[in-house]
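**Q** Supplied structure: structure.pdb, PDB, C-alpha atoms, pLDDT in the B column.
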ATOM      1  CA  MET A 572       0.000   0.000   0.000  1.00 68.00           C
ATOM      2  CA  ASP A 573       2.883   2.355   0.710  1.00 77.00           C
ATOM      3  CA  HIS A 574       3.972   2.083  -2.922  1.00 83.00           C
ATOM      4  CA  THR A 575       0.587   3.170  -4.294  1.00 92.00           C
ATOM      5  CA  LYS A 576       0.820   6.703  -5.678  1.00 94.00           C
ATOM      6  CA  VAL A 577      -1.013   9.098  -7.967  1.00 96.00           C
ATOM      7  CA  GLY A 578       0.249   8.495 -11.527  1.00 96.00           C
ATOM      8  CA  MET A 579       0.690   4.722 -11.195  1.00 97.00           C
ATOM      9  CA  SER A 580      -1.265   2.309 -13.337  1.00 97.00           C
ATOM     10  CA  LEU A 581      -3.162  -0.619 -11.869  1.00 96.00           C
ATOM     11  CA  ASP A 582      -0.909  -2.910 -13.923  1.00 96.00           C
ATOM     12  CA  GLU A 583       2.148  -1.432 -12.166  1.00 97.00           C
ATOM     13  CA  ILE A 584       0.607  -2.164  -8.771  1.00 95.00           C
ATOM     14  CA  ASP A 585      -0.196  -5.718  -9.856  1.00 94.00           C
ATOM     15  CA  LYS A 586       3.459  -6.245 -10.802  1.00 96.00           C
ATOM     16  CA  ILE A 587       4.706  -4.872  -7.467  1.00 94.00           C
ATOM     17  CA  VAL A 588       2.354  -7.163  -5.551  1.00 93.00           C
ATOM     18  CA  HIS A 589       3.188 -10.174  -7.740  1.00 95.00           C
ATOM     19  CA  ASP A 590       6.936  -9.671  -7.357  1.00 96.00           C
ATOM     20  CA  TYR A 591       6.639  -9.216  -3.585  1.00 94.00           C
ATOM     21  CA  ILE A 592       4.550 -12.378  -3.125  1.00 95.00           C
ATOM     22  CA  VAL A 593       6.876 -14.505  -5.269  1.00 96.00           C
ATOM     23  CA  ALA A 594      10.026 -13.099  -3.617  1.00 97.00           C
ATOM     24  CA  ASP A 595       8.552 -14.157  -0.273  1.00 96.00           C
ATOM     25  CA  GLY A 596       8.215 -17.756  -1.462  1.00 96.00           C
ATOM     26  CA  ALA A 597       4.441 -17.605  -1.875  1.00 95.00           C
ATOM     27  CA  TYR A 598       2.065 -17.917  -4.821  1.00 93.00           C
ATOM     28  CA  PRO A 599      -0.522 -15.253  -5.793  1.00 93.00           C
ATOM     29  CA  SER A 600      -3.737 -17.284  -5.449  1.00 88.00           C
ATOM     30  CA  ALA A 601      -5.813 -14.894  -7.552  1.00 87.00           C
ATOM     31  CA  ILE A 602      -4.070 -15.953 -10.764  1.00 88.00           C
ATOM     32  CA  ASP A 603      -6.455 -18.154 -12.734  1.00 81.00           C
ATOM     33  CA  PHE A 604      -8.954 -18.458  -9.885  1.00 84.00           C
ATOM     34  CA  MET A 605     -12.195 -18.585 -11.881  1.00 82.00           C
ATOM     35  CA  HIS A 606     -10.086 -17.378 -14.839  1.00 83.00           C
ATOM     36  CA  PHE A 607      -8.884 -14.224 -13.038  1.00 85.00           C
ATOM     37  CA  PRO A 608      -5.907 -13.005 -15.111  1.00 86.00           C
ATOM     38  CA  LYS A 609      -3.840 -11.074 -12.565  1.00 91.00           C
ATOM     39  CA  SER A 610      -2.105 -11.445  -9.188  1.00 86.00           C
ATOM     40  CA  VAL A 611      -4.170  -8.997  -7.152  1.00 92.00           C
ATOM     41  CA  CYS A 612      -7.704  -7.605  -7.206  1.00 92.00           C
ATOM     42  CA  LEU A 613      -7.691  -3.807  -7.544  1.00 93.00           C
ATOM     43  CA  SER A 614     -11.057  -2.102  -7.252  1.00 94.00           C
ATOM     44  CA  VAL A 615     -10.856   1.592  -8.034  1.00 97.00           C
ATOM     45  CA  ASN A 616     -13.625   4.048  -7.185  1.00 96.00           C
ATOM     46  CA  ASP A 617     -17.073   2.555  -7.904  1.00 90.00           C
ATOM     47  CA  VAL A 618     -15.888  -1.006  -8.650  1.00 89.00           C
ATOM     48  CA  VAL A 619     -17.479  -3.021  -5.821  1.00 83.00           C
ATOM     49  CA  SER A 620     -14.872  -5.783  -5.592  1.00 83.00           C
ATOM     50  CA  HIS A 621     -12.446  -8.071  -7.421  1.00 85.00           C
ATOM     51  CA  GLY A 622     -11.475  -5.464 -10.027  1.00 82.00           C
ATOM     52  CA  VAL A 623      -9.010  -6.624 -12.662  1.00 86.00           C
ATOM     53  CA  PRO A 624      -5.800  -4.564 -12.906  1.00 91.00           C
ATOM     54  CA  ASN A 625      -5.413  -2.748 -16.209  1.00 92.00           C
ATOM     55  CA  SER A 626      -3.805   0.345 -17.704  1.00 96.00           C
ATOM     56  CA  TYR A 627      -5.939   2.800 -15.677  1.00 97.00           C
ATOM     57  CA  VAL A 628      -3.699   5.493 -14.158  1.00 98.00           C
ATOM     58  CA  LEU A 629      -4.574   6.584 -10.633  1.00 98.00           C
ATOM     59  CA  LYS A 630      -5.550  10.220 -10.112  1.00 97.00           C
ATOM     60  CA  ALA A 631      -5.828  12.402  -7.028  1.00 97.00           C
ATOM     61  CA  GLY A 632      -9.261  11.828  -5.524  1.00 97.00           C
ATOM     62  CA  ASP A 633      -9.365   8.142  -6.471  1.00 97.00           C
ATOM     63  CA  TYR A 634      -9.815   5.472  -3.842  1.00 97.00           C
ATOM     64  CA  LEU A 635      -8.549   1.955  -4.318  1.00 97.00           C
ATOM     65  CA  ASN A 636      -9.200  -1.352  -2.601  1.00 95.00           C
ATOM     66  CA  ILE A 637      -6.227  -3.697  -2.774  1.00 94.00           C
ATOM     67  CA  ASP A 638      -7.239  -7.326  -2.221  1.00 92.00           C
ATOM     68  CA  VAL A 639      -4.278  -9.706  -1.945  1.00 92.00           C
ATOM     69  CA  VAL A 640      -4.719 -13.465  -1.722  1.00 91.00           C
ATOM     70  CA  CYS A 641      -1.695 -15.743  -1.583  1.00 93.00           C
ATOM     71  CA  TYR A 642      -0.728 -19.318  -0.826  1.00 94.00           C
ATOM     72  CA  LYS A 643       2.252 -20.064   1.399  1.00 95.00           C
ATOM     73  CA  ASN A 644       3.336 -23.045   3.463  1.00 96.00           C
ATOM     74  CA  GLY A 645       0.109 -24.907   2.745  1.00 94.00           C
ATOM     75  CA  PHE A 646      -2.281 -22.068   3.588  1.00 93.00           C
ATOM     76  CA  HIS A 647      -4.200 -19.419   1.670  1.00 90.00           C
ATOM     77  CA  GLY A 648      -4.304 -15.959   3.198  1.00 89.00           C
ATOM     78  CA  ASP A 649      -6.543 -13.053   2.256  1.00 87.00           C
ATOM     79  CA  ASN A 650      -5.966  -9.381   3.009  1.00 88.00           C
ATOM     80  CA  SER A 651      -7.735  -6.264   1.804  1.00 89.00           C
ATOM     81  CA  ALA A 652      -7.265  -2.557   2.468  1.00 91.00           C
ATOM     82  CA  MET A 653      -8.325   0.825   1.116  1.00 94.00           C
ATOM     83  CA  VAL A 654      -5.904   3.433  -0.163  1.00 96.00           C
ATOM     84  CA  PHE A 655      -6.919   7.062  -0.589  1.00 97.00           C
ATOM     85  CA  LEU A 656      -5.043   8.930  -3.319  1.00 97.00           C
ATOM     86  CA  GLU A 657      -4.658  12.595  -2.508  1.00 96.00           C
ATOM     87  CA  ASP A 658      -2.186  15.220  -3.633  1.00 94.00           C
ATOM     88  CA  GLY A 659      -2.703  18.097  -1.194  1.00 91.00           C
ATOM     89  CA  GLN A 660      -5.162  19.801  -3.535  1.00 94.00           C
ATOM     90  CA  THR A 661      -7.630  17.047  -4.402  1.00 96.00           C
ATOM     91  CA  GLU A 662      -8.944  14.830  -1.635  1.00 95.00           C
ATOM     92  CA  VAL A 663     -11.130  11.746  -1.572  1.00 97.00           C
ATOM     93  CA  ASN A 664     -14.776  12.531  -0.866  1.00 96.00           C
ATOM     94  CA  PRO A 665     -15.370  12.508   2.933  1.00 97.00           C
ATOM     95  CA  ALA A 666     -18.424  10.264   2.455  1.00 96.00           C
ATOM     96  CA  ILE A 667     -16.161   7.623   0.900  1.00 96.00           C
ATOM     97  CA  LYS A 668     -13.703   7.926   3.785  1.00 97.00           C
ATOM     98  CA  ARG A 669     -16.580   7.470   6.248  1.00 97.00           C
ATOM     99  CA  LEU A 670     -17.829   4.380   4.374  1.00 95.00           C
ATOM    100  CA  ALA A 671     -14.323   2.872   4.439  1.00 95.00           C
ATOM    101  CA  ALA A 672     -13.977   3.609   8.165  1.00 96.00           C
ATOM    102  CA  VAL A 673     -17.329   2.019   9.037  1.00 97.00           C
ATOM    103  CA  THR A 674     -16.493  -0.995   6.869  1.00 93.00           C
ATOM    104  CA  ARG A 675     -13.193  -1.479   8.670  1.00 93.00           C
ATOM    105  CA  GLU A 676     -14.814  -0.997  12.079  1.00 96.00           C
ATOM    106  CA  SER A 677     -17.458  -3.615  11.224  1.00 95.00           C
ATOM    107  CA  MET A 678     -14.709  -6.128  10.456  1.00 92.00           C
ATOM    108  CA  PHE A 679     -13.086  -5.619  13.860  1.00 95.00           C
ATOM    109  CA  VAL A 680     -16.438  -5.825  15.659  1.00 96.00           C
ATOM    110  CA  ALA A 681     -17.082  -9.150  13.915  1.00 94.00           C
ATOM    111  CA  ILE A 682     -13.585 -10.455  14.693  1.00 94.00           C
ATOM    112  CA  GLU A 683     -14.299  -9.927  18.402  1.00 96.00           C
ATOM    113  CA  HIS A 684     -17.030 -12.579  18.077  1.00 94.00           C
ATOM    114  CA  CYS A 685     -14.919 -15.162  16.244  1.00 93.00           C
ATOM    115  CA  LYS A 686     -14.338 -18.210  18.390  1.00 93.00           C
ATOM    116  CA  PRO A 687     -15.044 -21.931  18.336  1.00 94.00           C
ATOM    117  CA  GLY A 688     -18.741 -22.704  18.101  1.00 93.00           C
ATOM    118  CA  VAL A 689     -19.788 -19.404  16.505  1.00 91.00           C
ATOM    119  CA  LYS A 690     -21.532 -20.064  13.208  1.00 89.00           C
ATOM    120  CA  PHE A 691     -19.965 -18.515  10.135  1.00 82.00           C
ATOM    121  CA  ASN A 692     -23.201 -16.713   9.216  1.00 86.00           C
ATOM    122  CA  LYS A 693     -23.155 -14.970  12.615  1.00 91.00           C
ATOM    123  CA  ILE A 694     -20.057 -13.055  11.502  1.00 88.00           C
ATOM    124  CA  GLY A 695     -21.905 -11.721   8.458  1.00 87.00           C
ATOM    125  CA  GLU A 696     -24.932 -10.878  10.598  1.00 93.00           C
ATOM    126  CA  ILE A 697     -22.751  -8.822  12.957  1.00 95.00           C
ATOM    127  CA  ILE A 698     -21.203  -6.933  10.051  1.00 93.00           C
ATOM    128  CA  GLU A 699     -24.608  -6.286   8.490  1.00 94.00           C
ATOM    129  CA  ASP A 700     -26.066  -5.031  11.777  1.00 96.00           C
ATOM    130  CA  TYR A 701     -23.100  -2.707  12.298  1.00 97.00           C
ATOM    131  CA  ALA A 702     -23.378  -1.320   8.753  1.00 96.00           C
ATOM    132  CA  HIS A 703     -27.145  -0.782   9.102  1.00 97.00           C
ATOM    133  CA  GLY A 704     -26.584   0.953  12.425  1.00 97.00           C
ATOM    134  CA  HIS A 705     -24.396   3.487  10.615  1.00 97.00           C
ATOM    135  CA  GLY A 706     -26.803   4.043   7.719  1.00 97.00           C
ATOM    136  CA  TYR A 707     -25.234   1.651   5.207  1.00 96.00           C
ATOM    137  CA  LYS A 708     -26.441  -1.446   3.405  1.00 92.00           C
ATOM    138  CA  VAL A 709     -24.485  -4.614   2.676  1.00 89.00           C
ATOM    139  CA  ASN A 710     -24.267  -5.911  -0.896  1.00 84.00           C
ATOM    140  CA  GLU A 711     -26.212  -9.177  -0.727  1.00 78.00           C
ATOM    141  CA  GLU A 712     -25.490 -10.137  -4.339  1.00 75.00           C
ATOM    142  CA  PHE A 713     -21.738 -10.418  -3.889  1.00 69.00           C
ATOM    143  CA  GLY A 714     -20.055 -13.723  -3.227  1.00 62.00           C
ATOM    144  CA  GLY A 715     -16.367 -14.018  -2.412  1.00 58.00           C
ATOM    145  CA  HIS A 716     -13.870 -16.783  -2.919  1.00 52.00           C
ATOM    146  CA  GLY A 717     -14.651 -18.459   0.361  1.00 54.00           C
ATOM    147  CA  ILE A 718     -11.620 -17.751   2.529  1.00 52.00           C
ATOM    148  CA  GLY A 719     -11.688 -14.067   3.442  1.00 48.00           C
TER     149      GLY A 719
END
What would you get if you wrote out this structure as structure tokens?
**A**
Amino acid sequence: MDHTKVGMSLDEIDKIVHDYIVADGAYPSAIDFMHFPKSVCLSVNDVVSHGVPNSYVLKAGDYLNIDVVCYKNGFHGDNSAMVFLEDGQTEVNPAIKRLAAVTRESMFVAIEHCKPGVKFNKIGEIIEDYAHGHGYKVNEEFGGHGIG
């Protein structure tokens, strides 16, 4: 995330992530998962999730979700974070920053409930309740890859 800057293309970010994963002795699990062609999912602005890196060049005011999935030592790991691209003159819309903050908070609230015996759907219910409590809805049409 620290390498993500205004003026970079999504393809450049994909290469950085790919090279980092491989140098660490891991494999980028996204490659060819359901025919996904790249190493990382990059969802810029209004792309809900699992965006495919391409030649798009990031501008000030853009916001980007970086979703990294890799396989190492017999395990798949999944990690996702938002990056706000600002240049001192153009900032990301405050409503987007609030949405990202509430989304992150909902994840941590749900993690607090993770323990043996808690049903998987309870985690989603906690996240949904937290989002609704802050005036947001959860996308019910989206389905992930089953590990994150």
**Q** On this file, the PyMOL selection byres ((chain A and resi 669-674) around 12) gives some set of residues; write that set as a compact mmCIF listing (two decimals) with C-alpha atoms, keeping the file's coordinate frame.
**A**
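Generated file (result-v6.txt):
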# COMPACT_ATOMS: atom_id res chain seq x y z
CA ASN A 616 -13.62 4.05 -7.18
CA TYR A 634 -9.82 5.47 -3.84
CA LEU A 635 -8.55 1.96 -4.32
CA ASN A 636 -9.20 -1.35 -2.60
CA SER A 651 -7.74 -6.26 1.80
CA ALA A 652 -7.26 -2.56 2.47
CA MET A 653 -8.32 0.82 1.12
CA VAL A 654 -5.90 3.43 -0.16
CA PHE A 655 -6.92 7.06 -0.59
CA VAL A 663 -11.13 11.75 -1.57
CA ASN A 664 -14.78 12.53 -0.87
CA PRO A 665 -15.37 12.51 2.93
CA ALA A 666 -18.42 10.26 2.46
CA ILE A 667 -16.16 7.62 0.90
CA LYS A 668 -13.70 7.93 3.78
CA ARG A 675 -13.19 -1.48 8.67
CA GLU A 676 -14.81 -1.00 12.08
CA SER A 677 -17.46 -3.62 11.22
CA MET A 678 -14.71 -6.13 10.46
CA PHE A 679 -13.09 -5.62 13.86
CA VAL A 680 -16.44 -5.82 15.66
CA ALA A 681 -17.08 -9.15 13.92
CA ILE A 697 -22.75 -8.82 12.96
CA ILE A 698 -21.20 -6.93 10.05
CA GLU A 699 -24.61 -6.29 8.49
CA ASP A 700 -26.07 -5.03 11.78
CA TYR A 701 -23.10 -2.71 12.30
CA ALA A 702 -23.38 -1.32 8.75
CA HIS A 703 -27.14 -0.78 9.10
CA GLY A 704 -26.58 0.95 12.42
CA HIS A 705 -24.40 3.49 10.62
CA GLY A 706 -26.80 4.04 7.72
CA TYR A 707 -25.23 1.65 5.21
CA LYS A 708 -26.44 -1.45 3.40
CA VAL A 709 -24.48 -4.61 2.68
**Q** In terms of the shortest atom-to-atom distance over only C-alpha atoms, which of A:Gly659, A:Pro624, A:Pro608, A:Pro599 is closest to Glu583 of chain A?
**A**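 The answer is A:Pro624, which sits nearest to Glu583 of chain A.
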**Q** Restricting the calculation to all atoms listed in the file, which member of A:His606, A:Asp582, A:Ile637, A:Asn644 is positioned closest to Val619 of chain A?
**A** A:Ile637
**Q** Quick one, how far is atom CA of Ser626 of chain A from atom CA of Asp658 of chain A?
**A**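 Here the two named atoms are 20.5 Å from each other.
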**Q** Can you spell out as a list in words the set of residues that the PyMOL selection byres ((chain A and resi 574) around 12) selects in the structure I just provided?
**A** Met572, Asp573, Thr575, Lys576, Val577, Gly578, Met579, Ser580, Leu581, Glu583, Ile584, Asp585, Lys586, Ile587, Val588, Tyr591, Ile637, Val654 and Leu656 of chain A
**Q** Between atom CA of Val640 of chain A and atom CA of Glu683 of chain A, what is the distance, to one decimal in Å?
**A**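 Pair atom CA of Val640 of chain A / atom CA of Glu683 of chain A returns 22.6 Å.
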**Q** Which one is closest to Ile602 of chain A: A:Asp590, A:Ala631, A:Val618, A:Cys641? Count only C-alpha atoms.
**A**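 Of the candidates, the smallest distance to Ile602 of chain A is held by A:Cys641.
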**Q** Which residues, named as in the file, does the PyMOL selection byres ((chain A and resi 650) around 6) pick out? Answer as number ranges by chain.
**A** A: 638-639, 649, 651
**Q** Find the residue from A:Val628, A:Gly695, A:Gly596, A:His589 that sits nearest to Lys609 of chain A; use all atoms listed in the file when measuring.
**A**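 Nearest candidate to Lys609 of chain A out of A:Val628, A:Gly695, A:Gly596, A:His589: A:His589.
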**Q** What is the atom CA of Val611 of chain A-atom CA of Ile682 of chain A distance in Å, reported with one decimal?
**A**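 Atom CA of Ile682 of chain A lies at a distance of 23.8 Å from atom CA of Val611 of chain A.
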**Q** Could you tell me which of A:Tyr642, A:Phe691, A:Tyr627, A:Tyr598 comes closest to Val615 of chain A if we count all atoms listed in the file?
**A**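 Among the listed residues, the smallest separation from Val615 of chain A belongs to A:Tyr627.
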**Q** Quick one: 8 Å padding each side, axis-aligned, all listed atoms of segment 606-615 of chain A - centre and edge lengths in Å to one decimal, as AutoDock Vina command-line options?
**A**
--center_x -6.6 --center_y -7.9 --center_z -11.1 --size_x 25.0 --size_y 35.0 --size_z 24.0
**Q** Restricting the calculation to only C-alpha atoms, which member of A:Asn692, A:Leu613, A:Thr661, A:Glu712 is positioned closest to Ala601 of chain A?
**A**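 When distances to Ala601 of chain A are compared using only C-alpha atoms, the smallest one comes from A:Leu613.
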